[in-house]
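What follows is a short report on a single structure.
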Amino acid sequence: MCTVTWLQTRDGFELRMNRDELRTRAVGMPPAICERDGVRYIAPRDVEGGGTWIAANDVGLAVCLLNGPSAPDGRTGVRSRGLLVEDLADARSVVDVRMQIGRTLLSSYAAFTMLVLEPGTAACVARWDGSTLIVDTAAQSSMLLTSSSVDLEAVVASRAAVYREYMRTSRGRDAEMLEQFHRDHSPERGHRSVCMHREDACTVSYTRVAVCRDAVLMHYEDGPPCT
């Protein structure tokens, strides 16, 4: 349960992510700088499943992951999907990520959608449904990535429509437009809104990543971005 948007800039990219979770889930740890095989990266941490849902490294590569639909038979992965993001945090390019995913035993993971961004390179979106991996190596930044454990089709359609309206009415796709979208409650404050609120779940954090020629920045807000 998450929503991800991004836009590519002249020398990098802007990435935004709302993380939605059950209210009973433990609060995530705020971002910290870590190192893996000589590559430094910054990422928040999931204290229950381990790993992270979003990471950006000092090469300028960012990886984020959304949960996919639950398996019809109720099966779950034997390994946390957040650990896969951490495994990829030291990658030096989109090509590296694709090669590592190709060598990974994906049957250990429940379904997911993963976005990989690198300055000067088309966005890559990988979708694993539990049996098949589909990789889009030229994902458009007008695309909205979102997921929900409740009323999935209606949620996706509603959030996509709101996003299209933001793009139509804004003077251009810019960082400020993304900020406003991720705090939005259209069509009403509830399970379909981007800033999501349900009795059992809500948007629990908001993460902003900005990568430019000489900096990798991560801004993290604990709690719903509307607050």
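Identifiers in the structure tokens: chain A, B, ... in order shown; residue index from 1 per chain; ligand index from 1 in order shown.
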(message) Residues near Cys34 (chain A), anyone? I mean within 12 Å using only C-alpha atoms, not counting same-chain ones fewer than 5 positions away, as number ranges by chain.
(response) A: 39-45, 51-52, 55-58, 86, 89-90
Could those selected residues go to a file with C-alpha atoms, as a PDB file, in the first residue's frame?
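The file below, result_19.pdb, is the result:
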```pdb
ATOM      1  CA  VAL A  39      28.730   2.341  -1.622  1.00  0.00           C
ATOM      2  CA  ARG A  40      27.033   4.650   0.871  1.00  0.00           C
ATOM      3  CA  TYR A  41      23.252   4.894   0.827  1.00  0.00           C
ATOM      4  CA  ILE A  42      20.532   6.525   2.870  1.00  0.00           C
ATOM      5  CA  ALA A  43      17.309   4.758   3.778  1.00  0.00           C
ATOM      6  CA  PRO A  44      14.635   4.458   6.463  1.00  0.00           C
ATOM      7  CA  ARG A  45      14.209   1.020   8.036  1.00  0.00           C
ATOM      8  CA  GLY A  51      15.217  -3.823   5.071  1.00  0.00           C
ATOM      9  CA  THR A  52      13.616  -0.712   3.632  1.00  0.00           C
ATOM     10  CA  ALA A  55      16.910   3.903  -0.704  1.00  0.00           C
ATOM     11  CA  ALA A  56      19.203   6.336  -2.534  1.00  0.00           C
ATOM     12  CA  ASN A  57      22.962   5.898  -2.823  1.00  0.00           C
ATOM     13  CA  ASP A  58      25.964   8.151  -3.384  1.00  0.00           C
ATOM     14  CA  GLU A  86      18.541  -3.233   0.719  1.00  0.00           C
ATOM     15  CA  ALA A  89      21.168  -0.373  -2.444  1.00  0.00           C
ATOM     16  CA  ASP A  90      24.795  -0.660  -3.588  1.00  0.00           C
TER      17      ASP A  90
END
```
(request) as a PyMOL selection string, list the residues of region 29-211 of chain A assigned to strand (DSSP E or B) by DSSP on the backbone atoms of this structure. (result) chain A and resi 29-36+39-45+54-57+62-67+112-118+121-128+133-139+145-146+197+201-211
(request) Per DSSP on the backbone, filter region 23-192 of chain A down to the residues in alpha helix (DSSP H) and report them as a PyMOL selection string. (result) chain A and resi 81-87+94-102+152-169+175-182
(message) With distances taken over only C-alpha atoms, which residue among A:Asp136, A:Tyr109, A:Arg173, A:Ser131 lies nearest Trp6 (chain A)?
(response)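 When distances to Trp6 (chain A) are compared using only C-alpha atoms, the smallest one comes from A:Arg173.
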(message) I'd like the contact shell of Ser147 (chain A) - 12 Å cut-off, only C-alpha atoms, skipping same-chain residues fewer than 3 positions apart - returned as a ChimeraX atom specification.
(response) /A:1-4,17-21,65-70,111-114,144,150-160,191-194,196,203
(message) Report, in Å with one decimal, the straight-line distance from CA of Val85 (chain A) to CA of Ala201 (chain A).
(response) 22.9 Å
(request) Excluding Ala91 (chain A) and residues on its chain fewer than 4 positions from it, collect all residues at most 9 Å away from it, counting only C-alpha atoms, and give them as a ChimeraX atom specification. (result) /A:39,57,59,61,87,95-97,100
Create the file for the chosen residues now, containing N, CA, C and O atoms and written as a PDB file, in the first residue's frame.
```pdb
ATOM      1  N   VAL A  39      29.699   1.347  -1.153  1.00  0.00           N
ATOM      2  CA  VAL A  39      28.730   2.341  -1.622  1.00  0.00           C
ATOM      3  C   VAL A  39      27.906   2.805  -0.430  1.00  0.00           C
ATOM      4  O   VAL A  39      27.308   1.985   0.275  1.00  0.00           O
ATOM      5  N   ASN A  57      21.538   6.041  -3.147  1.00  0.00           N
ATOM      6  CA  ASN A  57      22.962   5.898  -2.823  1.00  0.00           C
ATOM      7  C   ASN A  57      23.804   7.038  -3.375  1.00  0.00           C
ATOM      8  O   ASN A  57      23.315   7.915  -4.097  1.00  0.00           O
ATOM      9  N   VAL A  59      25.940   7.131  -5.605  1.00  0.00           N
ATOM     10  CA  VAL A  59      26.127   7.138  -7.050  1.00  0.00           C
ATOM     11  C   VAL A  59      24.996   7.914  -7.728  1.00  0.00           C
ATOM     12  O   VAL A  59      25.095   8.294  -8.888  1.00  0.00           O
ATOM     13  N   LEU A  61      21.725   6.625  -7.557  1.00  0.00           N
ATOM     14  CA  LEU A  61      20.703   5.632  -7.895  1.00  0.00           C
ATOM     15  C   LEU A  61      19.690   5.536  -6.758  1.00  0.00           C
ATOM     16  O   LEU A  61      20.068   5.527  -5.583  1.00  0.00           O
ATOM     17  N   ASP A  87      19.322  -5.147  -0.578  1.00  0.00           N
ATOM     18  CA  ASP A  87      20.297  -5.894  -1.379  1.00  0.00           C
ATOM     19  C   ASP A  87      20.740  -5.108  -2.608  1.00  0.00           C
ATOM     20  O   ASP A  87      21.867  -5.287  -3.095  1.00  0.00           O
ATOM     21  N   VAL A  95      21.225  -0.817 -15.001  1.00  0.00           N
ATOM     22  CA  VAL A  95      21.654  -2.093 -15.587  1.00  0.00           C
ATOM     23  C   VAL A  95      22.106  -3.059 -14.495  1.00  0.00           C
ATOM     24  O   VAL A  95      21.770  -4.250 -14.528  1.00  0.00           O
ATOM     25  N   ASP A  96      22.852  -2.552 -13.505  1.00  0.00           N
ATOM     26  CA  ASP A  96      23.273  -3.389 -12.378  1.00  0.00           C
ATOM     27  C   ASP A  96      22.060  -3.987 -11.663  1.00  0.00           C
ATOM     28  O   ASP A  96      22.053  -5.171 -11.303  1.00  0.00           O
ATOM     29  N   VAL A  97      21.039  -3.154 -11.421  1.00  0.00           N
ATOM     30  CA  VAL A  97      19.843  -3.630 -10.728  1.00  0.00           C
ATOM     31  C   VAL A  97      19.167  -4.727 -11.535  1.00  0.00           C
ATOM     32  O   VAL A  97      18.782  -5.771 -10.994  1.00  0.00           O
ATOM     33  N   GLN A 100      21.130  -7.917 -11.186  1.00  0.00           N
ATOM     34  CA  GLN A 100      20.984  -8.530  -9.864  1.00  0.00           C
ATOM     35  C   GLN A 100      19.612  -9.164  -9.695  1.00  0.00           C
ATOM     36  O   GLN A 100      19.496 -10.264  -9.136  1.00  0.00           O
TER      37      GLN A 100
END
```
(message) Quick one: residues within 12 Å of Arg164 (chain A), only C-alpha atoms, excluding same-chain residues fewer than 2 positions away - as a PyMOL selection string?
(response) chain A and resi 5+141-144+157-162+166-170+172-173+177-178+181
